[in-house]
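Student: Here you go, this is entry.txt (compact mmCIF, C-alpha atoms).
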```txt
# COMPACT_ATOMS: atom_id res chain seq x y z
CA GLY A 13 118.93 123.60 103.38
CA MET A 14 119.02 120.31 105.23
CA PRO A 15 117.80 120.00 108.83
CA ASP A 16 120.98 119.94 110.91
CA VAL A 17 122.31 116.69 112.27
CA VAL A 18 120.90 117.46 115.74
CA MET A 19 117.44 117.65 114.24
CA LEU A 20 117.95 114.51 112.14
CA SER A 21 119.01 112.61 115.24
CA GLU A 22 115.57 113.34 116.74
CA VAL A 23 113.62 111.87 113.80
CA GLU A 24 111.61 108.82 114.93
CA ALA A 25 109.49 108.38 111.78
CA LEU A 26 109.57 109.52 108.17
CA SER A 27 106.84 110.67 105.78
CA LEU A 28 107.60 111.02 102.07
CA ASP A 29 106.02 112.58 99.04
CA LEU A 30 106.18 110.38 95.92
CA TRP A 31 106.20 112.29 92.63
CA SER A 32 109.44 114.21 91.94
CA THR A 33 110.64 113.17 95.41
CA LEU A 34 111.03 109.38 95.26
CA ILE A 35 109.77 108.57 91.77
CA ARG A 36 109.49 110.13 88.33
CA SER A 37 107.33 109.32 85.35
CA HIS A 38 108.57 106.73 82.84
CA PRO A 39 109.62 108.82 79.79
CA GLU A 40 107.13 106.96 77.57
CA PHE A 41 104.17 107.14 79.94
CA LYS A 42 102.86 110.67 79.44
CA PRO A 43 103.18 110.63 75.63
CA ALA A 44 101.26 107.31 75.57
CA ARG A 45 98.53 108.69 77.87
CA THR A 46 98.26 111.89 75.82
CA ALA A 47 97.84 109.81 72.65
CA MET A 48 95.18 107.63 74.32
CA LEU A 49 93.17 110.62 75.57
CA ALA A 50 93.56 112.48 72.27
CA ARG A 51 92.13 109.50 70.36
CA ALA A 52 89.19 109.28 72.75
CA PHE A 53 88.56 113.03 72.48
CA GLY A 54 88.61 112.94 68.65
CA ILE A 55 91.79 115.02 68.36
CA ALA A 56 93.79 114.72 65.14
CA GLU A 57 97.14 112.93 65.44
CA ALA A 58 98.84 115.88 63.72
CA ALA A 59 97.86 118.06 66.70
CA LEU A 60 99.48 115.85 69.37
CA GLU A 61 102.20 118.34 70.28
CA GLU A 62 99.74 121.16 70.88
CA THR A 63 97.43 118.72 72.68
CA ASP A 64 100.25 117.70 75.02
CA ALA A 65 100.87 121.34 75.98
CA VAL A 66 97.12 121.92 76.52
CA PHE A 67 96.82 118.77 78.68
CA ARG A 68 99.89 119.60 80.78
CA SER A 69 98.62 123.07 81.45
CA ALA A 70 95.18 121.71 82.52
CA ASP A 71 96.92 119.17 84.78
CA ARG A 72 99.06 121.89 86.40
CA ALA A 73 95.98 124.05 86.98
CA ALA A 74 94.33 121.05 88.71
CA ASP A 75 97.42 120.66 90.94
CA ASP A 76 97.15 124.35 91.87
CA ASP A 77 93.43 123.92 92.64
CA ALA A 78 94.10 120.88 94.82
CA GLU A 79 96.73 122.80 96.78
CA ALA A 80 94.68 125.98 97.08
CA LEU A 81 91.52 124.16 98.20
CA GLY A 82 93.15 121.26 100.06
CA ARG A 83 90.92 118.80 98.20
CA ASP A 84 91.77 115.96 95.85
CA VAL A 85 91.32 116.59 92.13
CA GLY A 86 91.33 113.14 90.56
CA PHE A 87 91.34 111.44 87.18
CA VAL A 88 87.74 112.15 86.11
CA GLU A 89 87.90 115.84 86.95
CA ARG A 90 91.32 116.23 85.30
CA ALA A 91 90.36 114.31 82.16
CA LEU A 92 87.28 116.54 81.77
CA ALA A 93 89.41 119.66 82.33
CA MET A 94 91.78 118.40 79.62
CA PHE A 95 88.84 117.78 77.27
CA ASN A 96 87.40 121.27 77.95
CA ALA A 97 90.79 122.89 77.37
CA ALA A 98 91.20 120.95 74.09
CA GLN A 99 87.71 122.04 73.03
CA ALA A 100 88.47 125.68 73.89
CA ALA A 101 91.65 125.43 71.81
CA GLY A 102 89.61 124.19 68.85
CA LEU A 103 91.23 120.74 68.91
CA THR A 104 87.98 118.75 69.14
CA THR A 105 84.32 119.06 68.17
CA LEU A 106 83.14 115.90 69.96
CA PRO A 107 80.79 116.04 72.98
CA ALA A 108 82.39 115.63 76.40
CA PRO A 109 83.09 112.02 77.46
CA GLY A 110 80.47 110.45 79.76
CA PRO A 111 81.02 108.36 82.90
CA ALA A 112 81.42 105.02 81.08
CA GLU A 113 84.01 106.46 78.69
CA LEU A 114 85.88 108.09 81.58
CA SER A 115 85.98 104.74 83.43
CA ARG A 116 87.31 103.06 80.31
CA LEU A 117 90.01 105.72 80.00
CA GLU A 118 91.03 105.39 83.64
CA ALA A 119 91.38 101.61 83.15
CA GLY A 120 93.42 102.30 79.99
CA GLN A 121 95.67 104.61 82.00
CA ALA A 122 96.24 101.86 84.62
CA GLU A 123 97.33 99.54 81.79
CA LEU A 124 99.81 102.18 80.57
CA VAL A 125 101.24 102.46 84.10
CA SER A 126 101.86 98.70 84.07
CA ARG A 127 103.61 98.98 80.71
CA PHE A 128 105.55 102.14 81.58
CA PRO A 129 105.93 102.09 85.39
CA PRO A 130 107.26 105.10 87.32
CA GLN A 131 111.00 104.99 87.93
CA PRO A 132 112.97 105.67 91.12
CA TYR A 133 113.95 109.34 91.18
CA SER A 134 117.60 108.30 91.24
CA ALA A 135 119.53 105.03 91.33
CA GLY A 136 120.19 104.75 95.08
CA VAL A 137 116.70 105.64 96.33
CA VAL A 138 115.30 102.10 96.60
CA ASP A 139 118.15 100.64 98.69
CA LEU A 140 118.31 103.70 100.97
CA LEU A 141 114.56 103.58 101.63
CA LEU A 142 114.54 99.85 102.31
CA ALA A 143 117.42 100.35 104.77
CA LEU A 144 115.56 103.20 106.52
CA GLY A 145 112.35 101.19 106.55
CA ASP A 146 114.13 98.55 108.62
CA LEU A 147 114.94 101.18 111.26
CA LEU A 148 112.02 103.62 111.25
CA PRO A 149 108.32 103.54 110.34
CA LEU A 150 107.92 105.11 106.90
CA ALA A 151 104.79 106.65 105.39
CA VAL A 152 103.81 107.81 101.92
CA THR A 153 101.85 111.10 101.98
CA SER A 154 100.96 111.73 98.35
CA ASN A 155 98.76 113.96 96.23
CA THR A 156 97.78 111.45 93.56
CA GLY A 157 96.68 113.66 90.66
CA MET A 158 95.67 111.48 87.67
CA LEU A 159 96.97 108.25 89.25
CA GLY A 160 94.96 107.06 92.26
CA GLY A 161 96.13 105.00 95.23
CA ALA A 162 95.25 101.58 93.76
CA THR A 163 97.44 102.25 90.72
CA MET A 164 100.19 103.74 92.87
CA ARG A 165 100.35 100.70 95.18
CA ARG A 166 100.97 98.50 92.12
CA ALA A 167 103.55 100.96 90.78
CA LEU A 168 105.38 101.05 94.13
CA ALA A 169 105.39 97.25 94.22
CA ALA A 170 106.83 97.13 90.69
CA SER A 171 109.59 99.61 91.59
CA GLY A 172 110.59 97.63 94.71
CA LEU A 173 109.70 100.52 97.04
CA LEU A 174 106.49 99.14 98.56
CA PRO A 175 108.09 96.97 101.31
CA ALA A 176 109.77 100.06 102.81
CA PHE A 177 106.42 101.59 103.85
CA ARG A 178 104.15 100.83 106.81
CA VAL A 179 101.63 103.60 106.07
CA LEU A 180 100.25 104.66 102.67
CA LEU A 181 98.09 107.78 102.36
CA PHE A 182 96.81 108.88 98.98
CA SER A 183 94.80 112.05 98.43
CA ASN A 184 92.20 110.40 96.18
CA GLU A 185 91.36 107.90 98.95
CA MET A 186 91.20 110.64 101.59
CA GLY A 187 89.30 113.20 99.50
CA SER A 188 91.77 115.78 100.77
CA ALA A 189 95.07 116.97 99.31
CA LYS A 190 98.27 118.40 100.75
CA PRO A 191 98.81 120.99 102.21
CA SER A 192 95.54 120.16 104.04
CA GLY A 193 96.04 119.06 107.65
CA VAL A 194 93.56 116.24 106.99
CA LEU A 195 96.23 114.32 105.08
CA PHE A 196 99.14 115.04 107.45
CA ASP A 197 97.05 114.27 110.55
CA ALA A 198 96.10 110.93 108.96
CA THR A 199 99.81 110.25 108.33
CA LEU A 200 100.59 110.95 112.00
CA ARG A 201 97.74 108.67 113.11
CA GLY A 202 98.94 105.91 110.79
CA LEU A 203 102.54 106.19 112.01
CA ARG A 204 101.42 106.23 115.65
CA ALA A 205 99.40 103.05 115.04
CA VAL A 206 102.58 101.16 114.06
CA THR A 207 104.82 102.78 116.69
CA PRO A 208 104.99 101.24 120.17
CA THR A 209 106.26 104.45 121.83
CA PRO A 210 104.66 107.94 121.85
CA LEU A 211 105.34 109.78 118.60
CA PRO A 212 105.21 113.58 118.81
CA ALA A 213 104.59 115.33 115.48
CA ALA A 214 107.90 117.15 115.95
CA SER A 215 109.76 113.83 115.76
CA VAL A 216 108.30 113.03 112.31
CA LEU A 217 110.13 114.33 109.24
CA HIS A 218 108.22 114.89 106.00
CA VAL A 219 110.27 115.12 102.80
CA GLY A 220 109.00 116.51 99.51
CA ASP A 221 109.69 118.74 96.52
CA ASN A 222 106.81 121.24 96.86
CA LEU A 223 107.11 124.32 99.11
CA VAL A 224 103.37 124.65 99.64
CA ALA A 225 102.01 121.09 99.56
CA ASP A 226 104.93 119.47 101.41
CA ILE A 227 106.85 122.05 103.41
CA GLN A 228 104.04 124.38 104.47
CA GLY A 229 101.61 121.46 104.93
CA ALA A 230 103.96 119.43 107.14
CA THR A 231 105.12 122.46 109.13
CA ASP A 232 101.51 123.50 109.80
CA ALA A 233 100.89 119.97 111.12
CA GLY A 234 103.78 120.41 113.58
CA MET A 235 106.14 118.08 111.73
CA LEU A 236 109.72 118.64 110.62
CA ALA A 237 109.98 119.29 106.88
CA GLN A 238 112.73 119.01 104.28
CA LEU A 239 112.62 120.24 100.69
CA VAL A 240 114.48 118.11 98.11
CA ASN A 241 115.30 117.88 94.40
CA VAL A 242 114.62 121.52 93.52
CA GLU A 243 117.03 124.39 93.05
CA GLY A 244 118.77 125.28 96.31
CA ALA A 245 117.65 122.06 98.03
CA PRO A 246 119.63 118.84 98.45
CA PRO A 247 118.87 115.74 96.35
CA ILE A 248 116.68 113.08 97.99
CA GLU A 249 119.55 110.59 98.23
CA SER A 250 121.71 112.86 100.37
CA VAL A 251 118.82 113.49 102.80
CA LEU A 252 118.07 109.76 103.09
CA ARG A 253 121.79 108.99 103.51
CA GLU A 254 122.24 111.60 106.27
CA LEU A 255 119.12 110.40 108.05
CA LEU A 256 120.33 106.81 107.85
CA SER A 257 123.67 107.69 109.42
CA ALA A 258 121.97 109.82 112.11
CA VAL A 259 119.72 106.89 113.03
CA HIS A 260 122.66 104.46 113.04
CA ALA A 261 124.64 106.86 115.25
CA ARG A 262 121.71 107.18 117.67
CA ARG A 263 121.38 103.40 117.78
CA ALA A 264 125.08 102.95 118.48
CA ALA A 265 124.96 105.59 121.24
CA ALA A 266 122.04 103.93 123.03
CA PRO A 267 122.33 100.19 122.52
CA GLY A 268 120.36 99.33 125.67
CA SER A 269 117.56 101.84 125.22
CA ALA A 270 114.03 100.67 124.55
CA SER A 271 113.96 103.16 121.72
CA LEU A 272 111.61 103.05 118.79
CA LEU A 273 114.35 101.32 116.81
CA ALA A 274 114.62 98.43 119.25
CA ALA A 275 110.85 98.12 119.34
CA ALA A 276 110.35 98.53 115.59
CA SER A 277 110.62 94.79 115.02
CA LEU A 278 107.71 94.17 117.42
CA ALA A 279 105.26 96.33 115.49
CA PRO A 280 102.95 94.64 112.96
CA GLU A 281 104.34 94.16 109.46
CA ARG A 282 101.21 95.01 107.49
CA PRO A 283 101.09 98.44 105.84
CA VAL A 284 98.25 100.60 107.12
CA SER A 285 96.26 102.18 104.32
```
How would this structure read if it were set down as structure tokens?
Tutor:
Amino acid sequence: GMPDVVMLSEVEALSLDLWSTLIRSHPEFKPARTAMLARAFGIAEAALEETDAVFRSADRAADDDAEALGRDVGFVERALAMFNAAQAAGLTTLPAPGPAELSRLEAGQAELVSRFPPQPYSAGVVDLLLALGDLLPLAVTSNTGMLGGATMRRALAASGLLPAFRVLLFSNEMGSAKPSGVLFDATLRGLRAVTPTPLPAASVLHVGDNLVADIQGATDAGMLAQLVNVEGAPPIESVLRELLSAVHARRAAAPGSASLLAAASLAPERPVS
């Protein structure tokens, strides 16, 4: 369920997961990437459907590894895992791609992201986040998977979400992945750096769609945590909307206080990354 209103009224900063929380893949992106990788791996076009299933399964296994080990599993490792899985399924007889080919494929993927950028998870997300970003410091705390931080910054800019965030933490740049405390501690440090008043972990809310990576990870770091967008959990928009009204209510109740909200405009504008 949702943290109760009392708890929401104590939130001084917000950390957010990206994938399946704030954004979703463009419907044409994954098919285009699968086709690009399949061509490079020498997989017949007729086998694209099977290839897609094999790739998705390798990608999910990499997500599980990242969570279990608390370390980032990035593009190169995932692309090789996809190649190995395709080879094991008898879909290719080519040798494994080398470093130069993998670099070329990662650049090709970045081009596909520009053509088919991620979309807001739902229609109201962008406006709600921008409104919250005017009142509270916001951070991204994201396991990047195939798409590293450099690509994600461009994608967030394209979607209009980037200006909402003061702190951007991506697993591939940290070498660690949620639920590892390394990532959440870095989020807390980043938020504290842009916050003029003390910021206890228990006043920072992390929102995400994954029970282990997001909820367990944030809770272990001493933060508040809220699950969204999965069965039994509220949609992201209703959490953002309730938080926005809690913050507005707190502001109205304490107009003269030197609260974080009053001081927010004094903090530097540049995102910390």
Student: Skipping near chain neighbours, those fewer than 5 positions away, what residues fall within 12 Å of range 84-88 of chain A using only C-alpha atoms, listed as a PyMOL selection string?
Tutor: chain A and resi 49+70-79+93-95+108-122+154-161+163+182-192+194-195
Student: Could you check which of A:Met164, A:Pro175, A:His38, A:Glu22 is closest to Asp146 in chain A, using only C-alpha atoms?
Tutor: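 Of A:Met164, A:Pro175, A:His38, A:Glu22, the one nearest Asp146 in chain A is A:Pro175, counting only C-alpha atoms.
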Student: What is the CA of Arg36 in chain A-CA of Ala65 in chain A distance in Å, reported with one decimal?
Tutor: 18.8 Å
Student: Could you check the closest approach to Thr231 in chain A for each of A:Thr33, A:Thr46, A:Ser250, A:Ser215 and tell me which residue wins, using only C-alpha atoms?
Tutor: A:Ser215
Student: Between CA of Arg90 in chain A and CA of Leu60 in chain A, what is the spacing in Å?
Tutor: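 Straight-line distance from CA of Leu60 in chain A to CA of Arg90 in chain A works out to 17.9 Å.
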Student: Expressed in Å to a single decimal, how great is the separation between CA of Leu34 in chain A and CA of Gly145 in chain A?
Tutor: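 Between these atoms lies a distance of 14.0 Å.
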Student: Here is a test: counting all atoms listed in the file, which residue of A:Thr153, A:Ser21, A:Gln228, A:Ser171 is nearest to Ala198 in chain A?
Tutor: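 Looking only at the distances to Ala198 in chain A, the closest residue turns out to be A:Thr153.
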Student: Distance cut-off 10 Å, centre (107.2, 106.0, 103.9) in file coordinates, counting all atoms listed in the file: which residues qualify? Return them as a ChimeraX atom specification.
Tutor: /A:25-30,141-142,144-145,148-153,173-181,199,203,218-219,283
Student: Given 3 Å on each side, where is the centre and what are the edge lengths in Å to one decimal of the axis-aligned box enclosing the listed atoms of range 29-42 of chain A, as AutoDock Vina command-line options?
Tutor:
```
--center_x 106.9 --center_y 110.5 --center_z 88.3 --size_x 14.2 --size_y 13.5 --size_z 27.5
```
Student: Could you pull range 183-205 of chain A out of the structure I just pasted and write it to a file containing N, CA, C and O atoms, as a JSON list (two decimals), in the first residue's frame?
Tutor:
```
[["chain", "number", "residue", "atom", "x", "y", "z"],
["A", 183, "SER", "N", 23.62, 2.79, -12.32],
["A", 183, "SER", "CA", 24.43, 1.66, -11.85],
["A", 183, "SER", "C", 25.70, 1.47, -12.68],
["A", 183, "SER", "O", 26.75, 1.13, -12.15],
["A", 184, "ASN", "N", 25.62, 1.69, -14.01],
["A", 184, "ASN", "CA", 26.82, 1.42, -14.82],
["A", 184, "ASN", "C", 27.94, 2.41, -14.50],
["A", 184, "ASN", "O", 29.11, 2.10, -14.67],
["A", 185, "GLU", "N", 27.59, 3.62, -14.01],
["A", 185, "GLU", "CA", 28.61, 4.60, -13.66],
["A", 185, "GLU", "C", 29.15, 4.37, -12.26],
["A", 185, "GLU", "O", 30.25, 4.81, -11.93],
["A", 186, "MET", "N", 28.36, 3.67, -11.44],
["A", 186, "MET", "CA", 28.77, 3.39, -10.06],
["A", 186, "MET", "C", 29.45, 2.02, -9.93],
["A", 186, "MET", "O", 30.10, 1.74, -8.93],
["A", 187, "GLY", "N", 29.22, 1.14, -10.92],
["A", 187, "GLY", "CA", 29.74, -0.22, -10.82],
["A", 187, "GLY", "C", 28.98, -1.08, -9.84],
["A", 187, "GLY", "O", 29.30, -2.25, -9.64],
["A", 188, "SER", "N", 27.98, -0.50, -9.20],
["A", 188, "SER", "CA", 27.13, -1.25, -8.26],
["A", 188, "SER", "C", 25.69, -1.14, -8.71],
["A", 188, "SER", "O", 25.33, -0.19, -9.42],
["A", 189, "ALA", "N", 24.86, -2.11, -8.30],
["A", 189, "ALA", "CA", 23.46, -2.10, -8.70],
["A", 189, "ALA", "C", 22.57, -2.23, -7.47],
["A", 189, "ALA", "O", 22.97, -2.84, -6.47],
["A", 190, "LYS", "N", 21.36, -1.65, -7.56],
["A", 190, "LYS", "CA", 20.37, -1.88, -6.49],
["A", 190, "LYS", "C", 20.13, -3.39, -6.40],
["A", 190, "LYS", "O", 20.15, -4.06, -7.42],
["A", 191, "PRO", "N", 19.93, -3.96, -5.22],
["A", 191, "PRO", "CA", 19.67, -3.32, -3.93],
["A", 191, "PRO", "C", 20.91, -2.90, -3.14],
["A", 191, "PRO", "O", 20.78, -2.57, -1.97],
["A", 192, "SER", "N", 22.10, -2.92, -3.75],
["A", 192, "SER", "CA", 23.32, -2.60, -3.00],
["A", 192, "SER", "C", 23.23, -1.23, -2.33],
["A", 192, "SER", "O", 22.78, -0.26, -2.93],
["A", 193, "GLY", "N", 23.70, -1.18, -1.07],
["A", 193, "GLY", "CA", 23.72, 0.08, -0.33],
["A", 193, "GLY", "C", 24.63, 1.11, -0.98],
["A", 193, "GLY", "O", 24.47, 2.32, -0.75],
["A", 194, "VAL", "N", 25.58, 0.65, -1.80],
["A", 194, "VAL", "CA", 26.50, 1.59, -2.46],
["A", 194, "VAL", "C", 25.71, 2.63, -3.25],
["A", 194, "VAL", "O", 25.98, 3.83, -3.18],
["A", 195, "LEU", "N", 24.71, 2.15, -4.00],
["A", 195, "LEU", "CA", 23.91, 3.05, -4.83],
["A", 195, "LEU", "C", 23.03, 3.97, -3.98],
["A", 195, "LEU", "O", 22.98, 5.18, -4.20],
["A", 196, "PHE", "N", 22.33, 3.40, -3.00],
["A", 196, "PHE", "CA", 21.43, 4.22, -2.18],
["A", 196, "PHE", "C", 22.19, 5.21, -1.31],
["A", 196, "PHE", "O", 21.74, 6.35, -1.11],
["A", 197, "ASP", "N", 23.37, 4.81, -0.80],
["A", 197, "ASP", "CA", 24.18, 5.75, -0.01],
["A", 197, "ASP", "C", 24.64, 6.91, -0.88],
["A", 197, "ASP", "O", 24.69, 8.06, -0.44],
["A", 198, "ALA", "N", 24.98, 6.60, -2.15],
["A", 198, "ALA", "CA", 25.40, 7.66, -3.07],
["A", 198, "ALA", "C", 24.23, 8.61, -3.36],
["A", 198, "ALA", "O", 24.40, 9.83, -3.48],
["A", 199, "THR", "N", 23.02, 8.05, -3.46],
["A", 199, "THR", "CA", 21.82, 8.89, -3.65],
["A", 199, "THR", "C", 21.65, 9.84, -2.47],
["A", 199, "THR", "O", 21.41, 11.04, -2.64],
["A", 200, "LEU", "N", 21.78, 9.30, -1.25],
["A", 200, "LEU", "CA", 21.64, 10.13, -0.05],
["A", 200, "LEU", "C", 22.71, 11.22, -0.02],
["A", 200, "LEU", "O", 22.40, 12.38, 0.27],
["A", 201, "ARG", "N", 23.94, 10.86, -0.36],
["A", 201, "ARG", "CA", 25.01, 11.87, -0.40],
["A", 201, "ARG", "C", 24.70, 12.96, -1.42],
["A", 201, "ARG", "O", 24.86, 14.15, -1.16],
["A", 202, "GLY", "N", 24.24, 12.54, -2.59],
["A", 202, "GLY", "CA", 23.92, 13.50, -3.65],
["A", 202, "GLY", "C", 22.80, 14.44, -3.23],
["A", 202, "GLY", "O", 22.88, 15.66, -3.46],
["A", 203, "LEU", "N", 21.76, 13.88, -2.61],
["A", 203, "LEU", "CA", 20.63, 14.71, -2.16],
["A", 203, "LEU", "C", 21.06, 15.66, -1.04],
["A", 203, "LEU", "O", 20.64, 16.82, -1.00],
["A", 204, "ARG", "N", 21.92, 15.16, -0.15],
["A", 204, "ARG", "CA", 22.39, 16.03, 0.96],
["A", 204, "ARG", "C", 23.22, 17.18, 0.40],
["A", 204, "ARG", "O", 23.20, 18.29, 0.95],
["A", 205, "ALA", "N", 23.94, 16.93, -0.68],
["A", 205, "ALA", "CA", 24.80, 17.98, -1.27],
["A", 205, "ALA", "C", 23.98, 19.13, -1.84],
["A", 205, "ALA", "O", 24.48, 20.25, -1.97]]
```
